[in-house]
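J.: The structure file target.txt (compact mmCIF, C-alpha atoms) is provided below.
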```
# COMPACT_ATOMS: atom_id res chain seq x y z
CA MET V 17 9.11 -72.87 -311.60
CA THR V 18 8.83 -70.54 -308.61
CA ASP V 19 10.21 -71.96 -305.39
CA PRO V 20 7.26 -72.89 -303.09
CA LEU V 21 8.69 -70.97 -300.15
CA ASP V 22 9.18 -67.87 -302.29
CA ARG V 23 5.61 -68.23 -303.47
CA TRP V 24 4.47 -68.61 -299.85
CA ALA V 25 6.29 -65.46 -298.79
CA ARG V 26 4.79 -63.51 -301.68
CA LEU V 27 1.20 -64.65 -301.05
CA ALA V 28 1.00 -65.01 -297.27
CA ALA V 29 -0.22 -61.48 -296.53
CA SER V 30 -3.29 -61.73 -298.78
CA ALA V 31 -4.10 -65.44 -298.94
CA VAL V 32 -6.17 -67.67 -296.65
CA LEU V 33 -4.11 -69.97 -294.46
CA LEU V 34 -5.28 -73.58 -294.63
CA ASP V 35 -3.94 -75.05 -291.43
CA GLY V 36 -3.89 -78.85 -291.43
CA PHE V 37 -4.79 -81.70 -293.76
CA HIS V 38 -8.56 -81.45 -293.28
CA ALA V 39 -8.69 -77.75 -294.07
CA LEU V 40 -6.76 -78.34 -297.29
CA LYS V 41 -8.89 -81.37 -298.16
CA HIS V 42 -12.15 -79.45 -297.83
CA ALA V 43 -10.84 -76.42 -299.67
CA LEU V 44 -9.87 -78.58 -302.65
CA ARG V 45 -13.20 -80.41 -302.61
CA PHE V 46 -15.11 -77.16 -302.85
CA GLY V 47 -13.09 -75.59 -305.60
CA ALA V 48 -10.61 -73.35 -303.79
CA GLU V 49 -7.66 -72.04 -305.76
CA VAL V 50 -4.60 -73.28 -303.84
CA PRO V 51 -1.32 -71.93 -305.24
CA VAL V 52 1.00 -73.56 -302.69
CA ALA V 53 0.89 -76.35 -300.12
CA VAL V 54 3.63 -77.79 -297.92
CA THR V 55 4.03 -80.71 -295.56
CA ALA V 56 6.73 -81.99 -293.26
CA ASP V 57 5.99 -85.58 -294.37
CA ARG V 58 4.72 -86.00 -297.92
CA THR V 59 4.49 -89.80 -297.72
CA ALA V 60 2.38 -89.70 -294.55
CA THR V 61 0.13 -86.98 -295.96
CA LEU V 62 -0.57 -88.87 -299.17
CA ALA V 63 -1.22 -92.04 -297.17
CA LEU V 64 -3.72 -90.08 -295.07
CA ALA V 65 -5.36 -88.83 -298.24
CA ALA V 66 -5.60 -92.35 -299.64
CA GLU V 67 -7.32 -93.45 -296.44
CA LEU V 68 -9.62 -90.50 -295.72
CA ALA V 69 -9.96 -88.50 -298.93
CA PRO V 70 -9.06 -90.51 -302.04
CA ASP V 71 -11.03 -88.02 -304.15
CA VAL V 72 -8.35 -85.36 -303.59
CA ARG V 73 -5.24 -87.54 -303.40
CA GLU V 74 -4.23 -86.89 -307.00
CA ALA V 75 -4.61 -83.13 -306.57
CA LEU V 76 -2.58 -83.27 -303.37
CA ALA V 77 0.15 -85.31 -305.00
CA ALA V 78 0.54 -82.64 -307.67
CA LEU V 79 0.44 -79.79 -305.17
CA LEU V 80 2.37 -80.81 -302.06
CA THR V 81 5.99 -79.89 -301.46
CA GLU V 82 7.87 -81.51 -298.61
CA VAL V 83 9.85 -79.11 -296.41
CA PRO V 84 11.83 -79.63 -293.19
CA ALA V 85 9.69 -79.78 -290.05
CA ARG V 86 11.32 -76.61 -288.74
CA THR V 87 10.47 -74.76 -291.95
CA TYR V 88 6.87 -75.96 -291.83
CA ALA V 89 6.52 -74.84 -288.20
CA SER V 90 7.80 -71.37 -289.10
CA LEU V 91 4.95 -70.87 -291.58
CA VAL V 92 2.02 -71.41 -289.19
CA PRO V 93 0.97 -69.88 -285.86
CA ARG V 94 0.67 -73.30 -284.22
CA PRO V 95 1.81 -76.53 -285.91
CA HIS V 96 -1.04 -78.90 -286.76
CA PRO V 97 -0.70 -82.60 -285.90
CA THR V 98 -0.89 -83.46 -289.61
CA ALA V 99 2.00 -81.09 -290.41
CA VAL V 100 0.24 -79.73 -293.51
CA ALA V 101 -0.33 -76.12 -294.49
CA ALA V 102 -1.42 -74.33 -297.64
CA LEU V 103 -2.42 -70.92 -298.93
CA ALA V 104 -5.67 -70.41 -300.82
CA VAL V 105 -7.13 -67.48 -302.72
CA ARG V 106 -9.99 -65.94 -300.78
CA PRO V 107 -13.31 -65.98 -302.68
CA SER V 108 -14.27 -62.57 -303.97
CA ARG V 109 -16.46 -60.51 -301.67
CA GLU V 110 -18.64 -59.57 -304.63
CA ALA V 111 -19.35 -63.23 -305.44
CA ASN V 112 -20.20 -63.99 -301.82
CA LEU V 113 -22.51 -61.00 -301.56
CA ARG V 114 -24.31 -62.06 -304.73
CA GLU V 115 -24.82 -65.52 -303.29
CA LEU V 116 -26.10 -64.17 -299.98
CA ALA V 117 -28.51 -61.79 -301.74
CA ARG V 118 -29.80 -64.35 -304.24
CA VAL V 119 -33.55 -64.97 -304.11
CA PRO V 120 -35.36 -67.22 -303.76
CA ARG V 121 -33.06 -68.97 -301.27
CA THR V 122 -33.30 -72.69 -300.73
CA ALA V 123 -31.47 -72.66 -297.37
CA PRO V 124 -31.12 -70.17 -294.51
CA VAL V 125 -28.37 -67.65 -293.89
CA VAL V 126 -26.76 -67.82 -290.45
CA VAL V 127 -25.84 -64.53 -288.76
CA LEU V 128 -23.45 -64.38 -285.80
CA ASP V 129 -24.12 -61.04 -284.14
CA GLU V 130 -20.88 -59.61 -282.74
CA PRO V 131 -19.27 -62.97 -281.91
CA ARG V 132 -16.14 -63.00 -279.76
CA ASN V 133 -14.70 -66.51 -279.88
CA LEU V 134 -12.74 -67.43 -283.02
CA GLY V 135 -13.09 -71.16 -282.49
CA ASN V 136 -16.85 -70.94 -282.01
CA ALA V 137 -17.18 -68.96 -285.23
CA GLY V 138 -15.22 -71.63 -287.08
CA ALA V 139 -17.37 -74.39 -285.63
CA VAL V 140 -20.51 -72.57 -286.80
CA ILE V 141 -19.15 -72.23 -290.35
CA ARG V 142 -18.38 -75.96 -290.34
CA LEU V 143 -21.95 -76.68 -289.22
CA ALA V 144 -23.48 -74.33 -291.76
CA ALA V 145 -21.54 -75.97 -294.56
CA GLY V 146 -22.65 -79.39 -293.39
CA PHE V 147 -26.32 -78.38 -293.44
CA GLY V 148 -25.98 -76.67 -296.82
CA ALA V 149 -26.76 -73.20 -295.47
CA THR V 150 -26.53 -70.37 -297.98
CA GLY V 151 -23.85 -68.63 -295.93
CA VAL V 152 -22.59 -67.30 -292.63
CA ILE V 153 -22.45 -63.60 -291.85
CA THR V 154 -20.72 -62.04 -288.87
CA THR V 155 -21.33 -58.55 -287.54
CA GLY V 156 -18.91 -56.65 -285.33
CA THR V 157 -15.14 -56.79 -285.24
CA LEU V 158 -14.37 -60.51 -285.56
CA ASP V 159 -12.86 -61.41 -288.94
CA PRO V 160 -14.60 -64.60 -290.12
CA TRP V 161 -11.56 -65.36 -292.32
CA HIS V 162 -9.06 -65.16 -289.45
CA PRO V 163 -6.70 -68.18 -289.56
CA ALA V 164 -8.09 -69.50 -286.25
CA VAL V 165 -11.63 -69.34 -287.64
CA VAL V 166 -10.59 -71.14 -290.82
CA ARG V 167 -8.85 -73.78 -288.70
CA GLY V 168 -11.98 -74.21 -286.57
CA GLY V 169 -14.06 -74.46 -289.74
CA ALA V 170 -11.80 -77.16 -291.20
CA GLY V 171 -11.53 -75.29 -294.49
CA LEU V 172 -15.29 -75.33 -295.10
CA HIS V 173 -15.37 -71.58 -295.66
CA PHE V 174 -15.06 -72.57 -299.31
CA ALA V 175 -18.31 -74.59 -299.12
CA THR V 176 -20.53 -71.64 -298.19
CA ALA V 177 -20.54 -67.84 -298.47
CA VAL V 178 -18.74 -66.25 -295.49
CA GLU V 179 -18.66 -62.48 -295.04
CA ARG V 180 -18.70 -59.72 -292.41
CA LEU V 181 -21.50 -57.15 -292.74
CA THR V 182 -23.31 -54.57 -290.65
CA VAL V 183 -26.88 -55.15 -289.52
CA PRO V 184 -28.31 -52.72 -292.14
CA GLU V 185 -26.41 -54.65 -294.85
CA LEU V 186 -28.01 -58.01 -294.04
CA PRO V 187 -29.75 -59.65 -297.00
CA GLU V 188 -33.50 -59.60 -297.42
CA GLY V 189 -35.62 -62.28 -295.79
CA PRO V 190 -37.50 -63.00 -292.58
CA LEU V 191 -35.09 -62.62 -289.68
CA TYR V 192 -35.49 -65.08 -286.82
CA ALA V 193 -33.32 -64.15 -283.83
CA LEU V 194 -32.61 -66.52 -280.96
CA ASP V 195 -33.48 -64.95 -277.62
CA PRO V 196 -34.54 -66.32 -274.20
CA GLU V 197 -37.72 -64.23 -274.39
CA GLY V 198 -38.76 -65.58 -277.77
CA GLU V 199 -41.36 -68.09 -278.86
CA ASP V 200 -40.53 -71.78 -278.42
CA ILE V 201 -38.90 -72.92 -281.67
CA ARG V 202 -40.68 -76.27 -281.47
CA GLY V 203 -43.93 -74.60 -282.45
CA LEU V 204 -42.62 -73.10 -285.69
CA LYS V 205 -41.53 -74.20 -289.14
CA LEU V 206 -38.59 -72.14 -290.32
CA PRO V 207 -38.77 -71.11 -294.00
CA ASP V 208 -35.96 -71.85 -296.41
CA ASP V 209 -35.26 -68.14 -296.92
CA ALA V 210 -34.89 -67.47 -293.19
CA ILE V 211 -32.07 -65.43 -291.74
CA LEU V 212 -31.16 -67.10 -288.44
CA ALA V 213 -29.40 -64.74 -286.03
CA PHE V 214 -27.50 -65.67 -282.89
CA GLY V 215 -26.17 -63.26 -280.30
CA SER V 216 -22.67 -63.18 -278.88
CA GLU V 217 -21.56 -65.75 -276.34
CA ARG V 218 -21.66 -63.25 -273.45
CA THR V 219 -24.08 -60.45 -274.22
CA GLY V 220 -26.66 -61.96 -276.55
CA LEU V 221 -28.24 -59.96 -279.36
CA SER V 222 -27.18 -56.40 -280.03
CA ALA V 223 -29.89 -53.74 -279.83
CA GLY V 224 -29.64 -53.11 -283.56
CA LEU V 225 -30.17 -56.71 -284.57
CA ARG V 226 -32.92 -57.27 -282.03
CA ALA V 227 -34.78 -54.27 -283.47
CA ARG V 228 -34.32 -55.65 -287.01
CA ALA V 229 -35.69 -59.10 -286.08
CA ASP V 230 -39.08 -60.17 -287.40
CA HIS V 231 -39.37 -63.03 -284.92
CA LEU V 232 -37.72 -63.94 -281.61
CA LEU V 233 -37.23 -67.64 -280.95
CA ARG V 234 -35.98 -69.61 -277.99
CA LEU V 235 -34.52 -73.10 -277.80
CA PRO V 236 -35.85 -75.57 -275.22
CA MET V 237 -33.70 -75.45 -272.12
CA ARG V 238 -33.97 -76.90 -268.62
CA PRO V 239 -34.59 -74.29 -265.90
CA GLN V 240 -31.45 -72.97 -264.18
CA VAL V 241 -29.27 -73.82 -267.20
CA SER V 242 -28.03 -70.44 -268.35
CA SER V 243 -27.16 -71.03 -272.00
CA TYR V 244 -25.93 -73.33 -274.75
CA ASN V 245 -22.63 -73.07 -276.57
CA LEU V 246 -23.00 -70.93 -279.70
CA ALA V 247 -22.26 -73.78 -282.11
CA THR V 248 -24.72 -76.01 -280.25
CA SER V 249 -27.45 -73.39 -280.61
CA VAL V 250 -26.80 -73.09 -284.33
CA ALA V 251 -26.79 -76.86 -284.75
CA MET V 252 -30.11 -77.25 -282.94
CA THR V 253 -31.71 -74.49 -285.00
CA LEU V 254 -30.43 -75.75 -288.36
CA TYR V 255 -31.53 -79.27 -287.48
CA HIS V 256 -35.00 -77.99 -286.63
CA TRP V 257 -35.11 -76.22 -290.01
CA SER V 258 -33.93 -79.29 -291.91
CA ALA V 259 -36.20 -81.76 -290.15
CA LEU V 260 -39.55 -80.04 -290.84
```
Starting from the file, give its structure as structure tokens.

T.:
Amino acid sequence: MTDPLDRWARLAASAVLLDGFHALKHALRFGAEVPVAVTADRTATLALAAELAPDVREALAALLTEVPARTYASLVPRPHPTAVAALAVRPSREANLRELARVPRTAPVVVLDEPRNLGNAGAVIRLAAGFGATGVITTGTLDPWHPAVVRGGAGLHFATAVERLTVPELPEGPLYALDPEGEDIRGLKLPDDAILAFGSERTGLSAGLRARADHLLRLPMRPQVSSYNLATSVAMTLYHWSAL
């Protein structure tokens, strides 16, 4: 059998880093292929699984290799409190694009237009997975599969389709873009096939996406409050969709 550390070294450049117990737990729940996983404390990790995720404990027991704490720390950018890390095979782009393009859709697609903050992008993917969104698309330069985004998403990239596209490549469907000049969202019912677009944390919607939008929407906000956090805006919008 191949040594786990040799396998890690061979796969690290192309695989998705699952940083922490919860990222690995979610990846396994949603069918990720995980060739290697390590922990600095196997007993503690399996006890955590028995407490919080008994459905994946057996899979973890078969997968986890205990390594010295120093070795574990050398494999990750920043050690996680659970001292667990794994590598997963990234879903194929072709499969994700098919899922995003599938019609009719039963849940919206979330678009982050030129986002800047890796943690915010991860939080949005976690939200989208929780609401059962069809997928999350980013435009611009941010890599939605960056290790910091996967960490922020707690491994839930494997529960929804996550890809980076240009505005002209966005899937078909009515595009609702969040903008301070838009119509109050409380007066609308969002369709299941909606594409919900959110501008960057600092500059809002790009000109290209704003021009592509079929509808501009705004969230209720007290005067003199400048903005909501990106993940908060997505959560409010997805909740509005789900509740009506």

J.: Please provide the set of residues having any atom within 9 Å of Ala247 of chain V, restricted to only C-alpha atoms, with same-chain residues fewer than 3 positions apart removed, written as a list in words.

T.: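 Near Ala247 of chain V, the qualifying residues are Asn136, Ala137, Gly138, Ala139, Val140, Ile141, Leu143, Tyr244, Val250, Ala251 and Met252 of chain V.
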
J.: Using all atoms listed in the file, what table do you get, as a Markdown table, when you list each residue of segment 153-256 of chain V with an atom no more than 10 Å from segment 97-108 of chain V, its nearest pair of atoms, and their distance in Å rounded to one decimal, rows by chain then rising number?

T.:
```
| residue | atom | partner | partner_atom | distance |
| --- | --- | --- | --- | --- |
| V:Trp161 | CA | V:Arg106 | CA | 8.6 |
| V:Gly171 | CA | V:Ala104 | CA | 9.9 |
| V:His173 | CA | V:Pro107 | CA | 9.2 |
| V:Phe174 | CA | V:Pro107 | CA | 7.6 |
| V:Ala177 | CA | V:Pro107 | CA | 8.6 |
| V:Val178 | CA | V:Pro107 | CA | 9.0 |
| V:Glu179 | CA | V:Ser108 | CA | 10.0 |
```

J.: Report as a VMD selection string all protein, DNA and RNA residues lying within 12 Å of segment 30-35 of chain V, evaluated on only C-alpha atoms, omitting residues in the same chain fewer than 2 positions from it.

T.: chain V and resid 23 to 28 37 to 44 48 to 55 88 to 89 91 to 108 159 to 174

J.: Near Thr150 of chain V, counting only C-alpha atoms, which residues have an atom at most 6 Å away, once you skip same-chain residues fewer than 4 positions from it, shown as a list in words?

T.: Ala123, Pro124 and Val125 of chain V

J.: What separation in Å, quoted to one decimal, exists between atom CA of Ser243 of chain V and atom CA of Leu212 of chain V?

T.: 17.4 Å

J.: Skip Ser242 of chain V itself and residues of its chain fewer than 4 positions away, then list as number ranges by chain all residues within 12 Å of it, counting only C-alpha atoms.

T.: V: 196, 217-218, 220, 235-238

J.: Quote the spacing between atom CA of Val119 of chain V and atom CA of Gly189 of chain V in Å to one decimal place.

T.: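 A separation of 9.0 Å between them.
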
J.: Counting only C-alpha atoms, which residue out of V:Ala29, V:Ala175, V:Leu194, V:Val152 sits closest to Phe46 of chain V?

T.: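 Among the listed residues, V:Ala175 lies closest to Phe46 of chain V.
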
J.: V:Arg73, V:Arg202, V:Arg114, V:Arg180: which is nearest Val126 of chain V, counting all atoms listed in the file?

T.: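 For Val126 of chain V, the nearest of the candidates is V:Arg180.
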
J.: From the block you just saw, export segment 207-219 of chain V: N, CA and C atoms, as a short mmCIF file (atom, residue, chain, number, x, y, z; two decimals), in the first residue's frame.

T.:
```
data_model
loop_
_atom_site.label_atom_id
_atom_site.label_comp_id
_atom_site.auth_asym_id
_atom_site.auth_seq_id
_atom_site.Cartn_x
_atom_site.Cartn_y
_atom_site.Cartn_z
N PRO V 207 -38.42 33.29 -8.70
CA PRO V 207 -38.69 31.97 -9.29
C PRO V 207 -37.58 30.97 -8.97
N ASP V 208 -37.91 29.70 -9.07
CA ASP V 208 -36.93 28.66 -8.76
C ASP V 208 -35.75 28.66 -9.72
N ASP V 209 -35.97 29.13 -10.95
CA ASP V 209 -34.87 29.13 -11.93
C ASP V 209 -34.10 30.44 -11.95
N ALA V 210 -34.26 31.24 -10.90
CA ALA V 210 -33.58 32.54 -10.85
C ALA V 210 -32.07 32.38 -10.77
N ILE V 211 -31.37 33.34 -11.35
CA ILE V 211 -29.95 33.54 -11.11
C ILE V 211 -29.84 34.76 -10.22
N LEU V 212 -29.29 34.60 -9.04
CA LEU V 212 -29.22 35.67 -8.05
C LEU V 212 -27.79 36.19 -7.98
N ALA V 213 -27.59 37.43 -8.39
CA ALA V 213 -26.23 37.97 -8.52
C ALA V 213 -25.96 39.03 -7.46
N PHE V 214 -24.77 38.97 -6.90
CA PHE V 214 -24.35 39.86 -5.83
C PHE V 214 -23.01 40.48 -6.20
N GLY V 215 -22.92 41.80 -6.06
CA GLY V 215 -21.69 42.49 -6.41
C GLY V 215 -20.60 42.29 -5.37
N SER V 216 -19.41 42.78 -5.69
CA SER V 216 -18.28 42.63 -4.79
C SER V 216 -18.48 43.46 -3.53
N GLU V 217 -17.72 43.12 -2.51
CA GLU V 217 -17.88 43.74 -1.21
C GLU V 217 -17.62 45.24 -1.25
N ARG V 218 -16.79 45.70 -2.15
CA ARG V 218 -16.41 47.12 -2.18
C ARG V 218 -17.06 47.91 -3.30
N THR V 219 -17.15 47.32 -4.49
CA THR V 219 -17.54 48.10 -5.66
C THR V 219 -18.91 47.75 -6.20
#
```
